[in-house]
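Peer 1: My structure is in protein27.pdb, and what it holds is PDB, C-alpha atoms:
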ATOM      1  CA  MET A   1     -23.164  19.606   4.274  1.00  0.00           C
ATOM      2  CA  LEU A   2     -22.146  17.070   1.643  1.00  0.00           C
ATOM      3  CA  ARG A   3     -23.889  13.841   0.826  1.00  0.00           C
ATOM      4  CA  ILE A   4     -21.668  10.818   0.319  1.00  0.00           C
ATOM      5  CA  GLY A   5     -21.851  11.015  -3.471  1.00  0.00           C
ATOM      6  CA  GLU A   6     -20.691  14.632  -3.495  1.00  0.00           C
ATOM      7  CA  LEU A   7     -17.916  13.861  -1.014  1.00  0.00           C
ATOM      8  CA  ALA A   8     -16.848  10.980  -3.252  1.00  0.00           C
ATOM      9  CA  ARG A   9     -16.731  13.258  -6.308  1.00  0.00           C
ATOM     10  CA  GLN A  10     -14.711  15.914  -4.492  1.00  0.00           C
ATOM     11  CA  THR A  11     -12.160  13.448  -3.129  1.00  0.00           C
ATOM     12  CA  GLY A  12     -11.894  10.854  -5.890  1.00  0.00           C
ATOM     13  CA  PHE A  13     -12.982   8.016  -3.606  1.00  0.00           C
ATOM     14  CA  THR A  14     -15.963   5.834  -4.376  1.00  0.00           C
ATOM     15  CA  PRO A  15     -18.977   5.904  -2.049  1.00  0.00           C
ATOM     16  CA  LYS A  16     -18.214   2.244  -1.282  1.00  0.00           C
ATOM     17  CA  THR A  17     -14.690   3.201  -0.129  1.00  0.00           C
ATOM     18  CA  LEU A  18     -16.099   6.011   2.002  1.00  0.00           C
ATOM     19  CA  ARG A  19     -18.512   3.599   3.684  1.00  0.00           C
ATOM     20  CA  TYR A  20     -15.583   1.241   4.292  1.00  0.00           C
ATOM     21  CA  TYR A  21     -13.553   4.090   5.795  1.00  0.00           C
ATOM     22  CA  GLU A  22     -16.517   4.874   8.000  1.00  0.00           C
ATOM     23  CA  GLU A  23     -16.570   1.257   9.226  1.00  0.00           C
ATOM     24  CA  ALA A  24     -12.786   1.411   9.776  1.00  0.00           C
ATOM     25  CA  GLY A  25     -13.159   4.527  11.944  1.00  0.00           C
ATOM     26  CA  LEU A  26     -11.457   6.951   9.557  1.00  0.00           C
ATOM     27  CA  LEU A  27     -14.532   8.944   8.682  1.00  0.00           C
ATOM     28  CA  ARG A  28     -17.707   9.820  10.535  1.00  0.00           C
ATOM     29  CA  PRO A  29     -20.807  11.352   9.042  1.00  0.00           C
ATOM     30  CA  ASP A  30     -21.844  14.504  10.821  1.00  0.00           C
ATOM     31  CA  GLY A  31     -25.469  13.513  10.562  1.00  0.00           C
ATOM     32  CA  ARG A  32     -28.119  12.202   8.250  1.00  0.00           C
ATOM     33  CA  SER A  33     -30.596  13.904   6.009  1.00  0.00           C
ATOM     34  CA  GLN A  34     -34.330  13.438   6.533  1.00  0.00           C
ATOM     35  CA  SER A  35     -34.119  10.789   3.817  1.00  0.00           C
ATOM     36  CA  GLY A  36     -31.349   8.953   5.671  1.00  0.00           C
ATOM     37  CA  TYR A  37     -28.396  10.024   3.507  1.00  0.00           C
ATOM     38  CA  ARG A  38     -25.052  10.412   5.248  1.00  0.00           C
ATOM     39  CA  LEU A  39     -24.030  14.057   5.558  1.00  0.00           C
ATOM     40  CA  TYR A  40     -20.477  15.346   5.966  1.00  0.00           C
ATOM     41  CA  HIS A  41     -18.990  18.755   6.731  1.00  0.00           C
ATOM     42  CA  ASP A  42     -16.458  20.245   4.318  1.00  0.00           C
ATOM     43  CA  ALA A  43     -13.702  19.240   6.786  1.00  0.00           C
ATOM     44  CA  ALA A  44     -14.232  15.632   5.648  1.00  0.00           C
ATOM     45  CA  VAL A  45     -12.574  16.563   2.341  1.00  0.00           C
ATOM     46  CA  GLU A  46      -9.337  17.512   4.115  1.00  0.00           C
ATOM     47  CA  ARG A  47      -9.543  14.427   6.308  1.00  0.00           C
ATOM     48  CA  LEU A  48      -9.790  12.236   3.230  1.00  0.00           C
ATOM     49  CA  ARG A  49      -6.864  14.028   1.593  1.00  0.00           C
ATOM     50  CA  LEU A  50      -4.805  13.096   4.640  1.00  0.00           C
ATOM     51  CA  VAL A  51      -6.018   9.495   4.341  1.00  0.00           C
ATOM     52  CA  ARG A  52      -5.109   9.386   0.625  1.00  0.00           C
ATOM     53  CA  SER A  53      -1.662  10.834   1.292  1.00  0.00           C
ATOM     54  CA  ALA A  54      -0.969   8.451   4.165  1.00  0.00           C
ATOM     55  CA  ARG A  55      -2.198   5.435   2.155  1.00  0.00           C
ATOM     56  CA  GLY A  56       0.016   6.555  -0.724  1.00  0.00           C
ATOM     57  CA  LEU A  57       2.975   6.295   1.633  1.00  0.00           C
ATOM     58  CA  GLY A  58       1.951   2.776   2.617  1.00  0.00           C
ATOM     59  CA  LEU A  59       0.587   3.534   6.083  1.00  0.00           C
ATOM     60  CA  ARG A  60      -1.881   1.026   7.482  1.00  0.00           C
ATOM     61  CA  LEU A  61      -5.458   2.032   8.163  1.00  0.00           C
ATOM     62  CA  THR A  62      -5.003   1.352  11.880  1.00  0.00           C
ATOM     63  CA  ASP A  63      -2.111   3.825  11.981  1.00  0.00           C
ATOM     64  CA  ILE A  64      -4.063   6.414  10.028  1.00  0.00           C
ATOM     65  CA  ARG A  65      -7.053   5.964  12.341  1.00  0.00           C
ATOM     66  CA  ARG A  66      -4.835   6.574  15.384  1.00  0.00           C
ATOM     67  CA  ILE A  67      -3.343   9.703  13.789  1.00  0.00           C
ATOM     68  CA  LEU A  68      -6.854  11.011  13.162  1.00  0.00           C
ATOM     69  CA  GLU A  69      -7.970  10.122  16.694  1.00  0.00           C
ATOM     70  CA  ILE A  70      -5.065  12.048  18.187  1.00  0.00           C
ATOM     71  CA  SER A  71      -5.919  15.023  15.985  1.00  0.00           C
ATOM     72  CA  ASP A  72      -9.599  14.755  16.940  1.00  0.00           C
ATOM     73  CA  GLU A  73      -8.527  14.985  20.590  1.00  0.00           C
ATOM     74  CA  GLY A  74      -6.994  18.360  19.749  1.00  0.00           C
ATOM     75  CA  LYS A  75      -3.419  17.120  20.052  1.00  0.00           C
ATOM     76  CA  MET A  76      -0.594  17.130  17.541  1.00  0.00           C
ATOM     77  CA  PRO A  77       0.004  13.563  16.299  1.00  0.00           C
ATOM     78  CA  CYS A  78       3.618  14.211  15.268  1.00  0.00           C
ATOM     79  CA  VAL A  79       5.233  11.866  17.829  1.00  0.00           C
ATOM     80  CA  HIS A  80       2.953   9.039  16.758  1.00  0.00           C
ATOM     81  CA  VAL A  81       3.574   9.809  13.079  1.00  0.00           C
ATOM     82  CA  ILE A  82       7.342   9.618  13.677  1.00  0.00           C
ATOM     83  CA  GLU A  83       6.926   6.179  15.271  1.00  0.00           C
ATOM     84  CA  VAL A  84       4.782   4.984  12.360  1.00  0.00           C
ATOM     85  CA  VAL A  85       7.179   6.374   9.750  1.00  0.00           C
ATOM     86  CA  ASP A  86      10.192   4.801  11.479  1.00  0.00           C
ATOM     87  CA  ARG A  87       8.435   1.420  11.469  1.00  0.00           C
ATOM     88  CA  GLU A  88       7.513   1.820   7.799  1.00  0.00           C
ATOM     89  CA  LEU A  89      11.093   2.754   6.909  1.00  0.00           C
ATOM     90  CA  GLU A  90      12.303  -0.457   8.565  1.00  0.00           C
ATOM     91  CA  ARG A  91       9.706  -2.438   6.627  1.00  0.00           C
ATOM     92  CA  VAL A  92      10.757  -0.804   3.351  1.00  0.00           C
ATOM     93  CA  ASP A  93      14.454  -1.460   4.089  1.00  0.00           C
ATOM     94  CA  THR A  94      13.673  -5.143   4.696  1.00  0.00           C
ATOM     95  CA  GLN A  95      11.618  -5.316   1.529  1.00  0.00           C
ATOM     96  CA  MET A  96      14.419  -3.660  -0.462  1.00  0.00           C
ATOM     97  CA  GLU A  97      16.908  -6.237   0.853  1.00  0.00           C
ATOM     98  CA  ARG A  98      14.592  -9.046  -0.279  1.00  0.00           C
ATOM     99  CA  LEU A  99      14.161  -7.398  -3.672  1.00  0.00           C
ATOM    100  CA  ASN A 100      17.936  -7.000  -4.066  1.00  0.00           C
ATOM    101  CA  ASP A 101      18.375 -10.707  -3.247  1.00  0.00           C
ATOM    102  CA  LEU A 102      15.703 -11.525  -5.804  1.00  0.00           C
ATOM    103  CA  LYS A 103      17.416  -9.344  -8.408  1.00  0.00           C
ATOM    104  CA  THR A 104      20.754 -11.062  -7.742  1.00  0.00           C
ATOM    105  CA  GLY A 105      19.141 -14.485  -8.135  1.00  0.00           C
ATOM    106  CA  LEU A 106      17.365 -13.515 -11.337  1.00  0.00           C
ATOM    107  CA  SER A 107      20.539 -11.985 -12.787  1.00  0.00           C
ATOM    108  CA  SER A 108      22.433 -15.182 -11.981  1.00  0.00           C
ATOM    109  CA  LEU A 109      19.727 -17.285 -13.616  1.00  0.00           C
ATOM    110  CA  ARG A 110      19.756 -15.004 -16.662  1.00  0.00           C
ATOM    111  CA  SER A 111      23.520 -15.458 -17.026  1.00  0.00           C
ATOM    112  CA  ARG A 112      23.184 -19.239 -16.778  1.00  0.00           C
ATOM    113  CA  LEU A 113      20.398 -19.196 -19.358  1.00  0.00           C
ATOM    114  CA  SER A 114      22.575 -17.207 -21.752  1.00  0.00           C
ATOM    115  CA  GLU A 115      25.372 -19.753 -21.294  1.00  0.00           C
ATOM    116  CA  ALA A 116      22.933 -22.610 -21.902  1.00  0.00           C
ATOM    117  CA  VAL A 117      21.785 -21.068 -25.166  1.00  0.00           C
ATOM    118  CA  VAL A 118      25.388 -20.642 -26.325  1.00  0.00           C
ATOM    119  CA  LEU A 119      26.367 -24.184 -25.271  1.00  0.00           C
ATOM    120  CA  GLY A 120      23.181 -25.740 -26.583  1.00  0.00           C
ATOM    121  CA  ALA A 121      19.949 -26.152 -24.710  1.00  0.00           C
ATOM    122  CA  PRO A 122      18.954 -29.554 -23.339  1.00  0.00           C
ATOM    123  CA  ARG A 123      17.012 -31.897 -25.573  1.00  0.00           C
ATOM    124  CA  SER A 124      13.296 -31.414 -25.851  1.00  0.00           C
ATOM    125  CA  GLY A 125      11.406 -32.893 -22.928  1.00  0.00           C
ATOM    126  CA  GLN A 126      14.253 -32.404 -20.438  1.00  0.00           C
ATOM    127  CA  PRO A 127      13.955 -29.850 -17.652  1.00  0.00           C
ATOM    128  CA  CYS A 128      15.951 -26.659 -17.966  1.00  0.00           C
ATOM    129  CA  PRO A 129      19.276 -27.301 -16.213  1.00  0.00           C
ATOM    130  CA  CYS A 130      19.673 -23.604 -15.357  1.00  0.00           C
ATOM    131  CA  PHE A 131      17.597 -23.913 -12.207  1.00  0.00           C
ATOM    132  CA  VAL A 132      20.238 -26.202 -10.730  1.00  0.00           C
ATOM    133  CA  ASP A 133      22.790 -24.397  -8.566  1.00  0.00           C
ATOM    134  CA  ASP A 134      25.716 -26.125 -10.271  1.00  0.00           C
ATOM    135  CA  PRO A 135      26.743 -23.731 -13.066  1.00  0.00           C
ATOM    136  CA  CYS A 136      28.303 -26.649 -14.947  1.00  0.00           C
ATOM    137  CA  GLN A 137      24.803 -27.870 -15.740  1.00  0.00           C
ATOM    138  CA  CYS A 138      24.284 -25.075 -18.261  1.00  0.00           C
TER
END
Write out the structure in this file as C-alpha cells.

Peer 2:
Amino acid sequence: MLRIGELARQTGFTPKTLRYYEEAGLLRPDGRSQSGYRLYHDAAVERLRLVRSARGLGLRLTDIRRILEISDEGKMPCVHVIEVVDRELERVDTQMERLNDLKTGLSSLRSRLSEAVVLGAPRSGQPCPCFVDDPCQC
C-alpha cells in the first residue's frame, strides 16, 4: 500500500492534485493507515497514468471519470471513449478554424503595417490606421 506522498512521487502528480482527483471521483484511497494517511494499492499508479494520458489529449475530468467508472464495473469503455474522442475532434476542428481565421486576420494586419511603414506612419499621437478595414488608410 502506498501513502499519498509515495503515490505522488511515483506518478509525478502533487499530493494536492491527488486529493483533487479524489474529490473529482477519479481516484479512491483503498483505506487509511492507523494515523489517518490515505493508502492506495499499486493499481492507483496505472489509473493515474491513464488520467495523465487522457488529460494530455484534452479530455475533461468528467469524461475521464466516466471511463474509469465503466472500467470499474468490469466493462470495456471503448464505445464511450469513441464518443468522447469524436466530440473532442469536433472541438479541435472548430478551434483550428478559429485559429486559421485569426492567422488570416493577423497576416492581413501585418501586411497593412508593412505598407504603413513604407508609406510613412501617421503623426505622433494619432491612432494606427492599420486597424481600419479600409486598406487605403495605411

Peer 1: Taking the file as shown, find all residues satisfying the PyMOL selection byres ((chain A and resi 30-34) around 12) and write them as a list in words.

Peer 2: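 Going through the file, the PyMOL selection byres ((chain A and resi 30-34) around 12) ends up selecting Met1, Leu2, Arg3, Ile4, Glu22, Leu27, Arg28, Pro29, Ser35, Gly36, Tyr37, Arg38, Leu39, Tyr40, His41, Asp42, Ala43 and Ala44 of chain A.
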
Peer 1: Draw an axis-aligned box over all listed atoms of range 6-25 of chain A, pad each side with 6 Å, and write its centre and edge lengths in Å, one decimal, as lines of an AutoDock Vina configuration file.

Peer 2:
center_x = -16.3
center_y = 8.6
center_z = 2.8
size_x = 20.8
size_y = 26.7
size_z = 30.3

Peer 1: Decode the PyMOL selection byres ((chain A and resi 76-92) around 9) for the given file into explicit residues and return them as a list of chain:residue names.

Peer 2: A:Leu57, A:Gly58, A:Leu59, A:Asp63, A:Ile64, A:Arg66, A:Ile67, A:Leu68, A:Glu69, A:Ile70, A:Ser71, A:Glu73, A:Gly74, A:Lys75, A:Asp93, A:Thr94, A:Gln95, A:Met96, A:Glu97

Peer 1: Taking all atoms listed in the file into account, which of A:Arg98, A:Gly25, A:Gln10, A:Arg19 comes nearest Glu46 in chain A?

Peer 2: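 Of the candidates, the smallest distance to Glu46 in chain A is held by A:Gln10.
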
Peer 1: Work out how far apart CA of Thr11 in chain A and CA of Arg49 in chain A are and give it in Å to one decimal.

Peer 2: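 Between CA of Thr11 in chain A and CA of Arg49 in chain A the gap works out to 7.1 Å.
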
Peer 1: Quick one: pull the distance between CA of Tyr20 in chain A and CA of Leu61 in chain A, Å, one decimal.

Peer 2: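 So the answer is 10.9 Å.
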
Peer 1: Measure the distance from CA of Val51 in chain A to CA of Leu99 in chain A in Å and round it to one decimal.

Peer 2: 27.5 Å

Peer 1: A:Ala24, A:Asp101, A:Arg47, A:Leu7: which is nearest Arg60 in chain A, counting all atoms listed in the file?

Peer 2: A:Ala24

Peer 1: Could you check which of A:Asn100, A:Ser108, A:Ser114, A:Thr62 is closest to Glu23 in chain A, using only C-alpha atoms?

Peer 2: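 Among A:Asn100, A:Ser108, A:Ser114, A:Thr62, it is A:Thr62 that comes nearest to Glu23 in chain A.
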
Peer 1: Could you rebuild range 47-64 of chain A with N, CA and C atoms and give it back as a short mmCIF file (atom, residue, chain, number, x, y, z; two decimals), in the coordinates of the input?

Peer 2:
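Saved file out.cif follows:
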data_model
loop_
_atom_site.label_atom_id
_atom_site.label_comp_id
_atom_site.auth_asym_id
_atom_site.auth_seq_id
_atom_site.Cartn_x
_atom_site.Cartn_y
_atom_site.Cartn_z
N ARG A 47 -9.82 15.68 5.60
CA ARG A 47 -9.54 14.43 6.31
C ARG A 47 -9.23 13.32 5.30
N LEU A 48 -10.00 13.27 4.24
CA LEU A 48 -9.79 12.24 3.23
C LEU A 48 -8.54 12.50 2.41
N ARG A 49 -8.15 13.73 2.25
CA ARG A 49 -6.86 14.03 1.59
C ARG A 49 -5.71 13.49 2.43
N LEU A 50 -5.82 13.65 3.75
CA LEU A 50 -4.80 13.10 4.64
C LEU A 50 -4.77 11.57 4.50
N VAL A 51 -5.94 10.95 4.48
CA VAL A 51 -6.02 9.49 4.34
C VAL A 51 -5.37 9.06 3.03
N ARG A 52 -5.69 9.75 1.93
CA ARG A 52 -5.11 9.39 0.62
C ARG A 52 -3.59 9.52 0.65
N SER A 53 -3.10 10.61 1.22
CA SER A 53 -1.66 10.83 1.29
C SER A 53 -0.98 9.76 2.13
N ALA A 54 -1.55 9.46 3.28
CA ALA A 54 -0.97 8.45 4.16
C ALA A 54 -1.01 7.07 3.52
N ARG A 55 -2.11 6.73 2.85
CA ARG A 55 -2.20 5.44 2.15
C ARG A 55 -1.17 5.37 1.02
N GLY A 56 -0.97 6.50 0.35
CA GLY A 56 0.02 6.56 -0.72
C GLY A 56 1.42 6.29 -0.23
N LEU A 57 1.67 6.57 1.03
CA LEU A 57 2.98 6.30 1.63
C LEU A 57 3.04 4.91 2.27
N GLY A 58 1.96 4.15 2.13
CA GLY A 58 1.95 2.78 2.62
C GLY A 58 1.52 2.61 4.06
N LEU A 59 1.02 3.66 4.69
CA LEU A 59 0.59 3.53 6.08
C LEU A 59 -0.66 2.67 6.17
N ARG A 60 -0.74 1.91 7.25
CA ARG A 60 -1.88 1.03 7.48
C ARG A 60 -3.07 1.84 7.98
N LEU A 61 -4.25 1.33 7.73
CA LEU A 61 -5.46 2.03 8.16
C LEU A 61 -5.50 2.20 9.67
N THR A 62 -5.00 1.22 10.41
CA THR A 62 -5.00 1.35 11.88
C THR A 62 -4.12 2.52 12.32
N ASP A 63 -2.99 2.70 11.65
CA ASP A 63 -2.11 3.82 11.98
C ASP A 63 -2.76 5.16 11.62
N ILE A 64 -3.40 5.19 10.46
CA ILE A 64 -4.06 6.41 10.03
C ILE A 64 -5.20 6.75 10.99
#
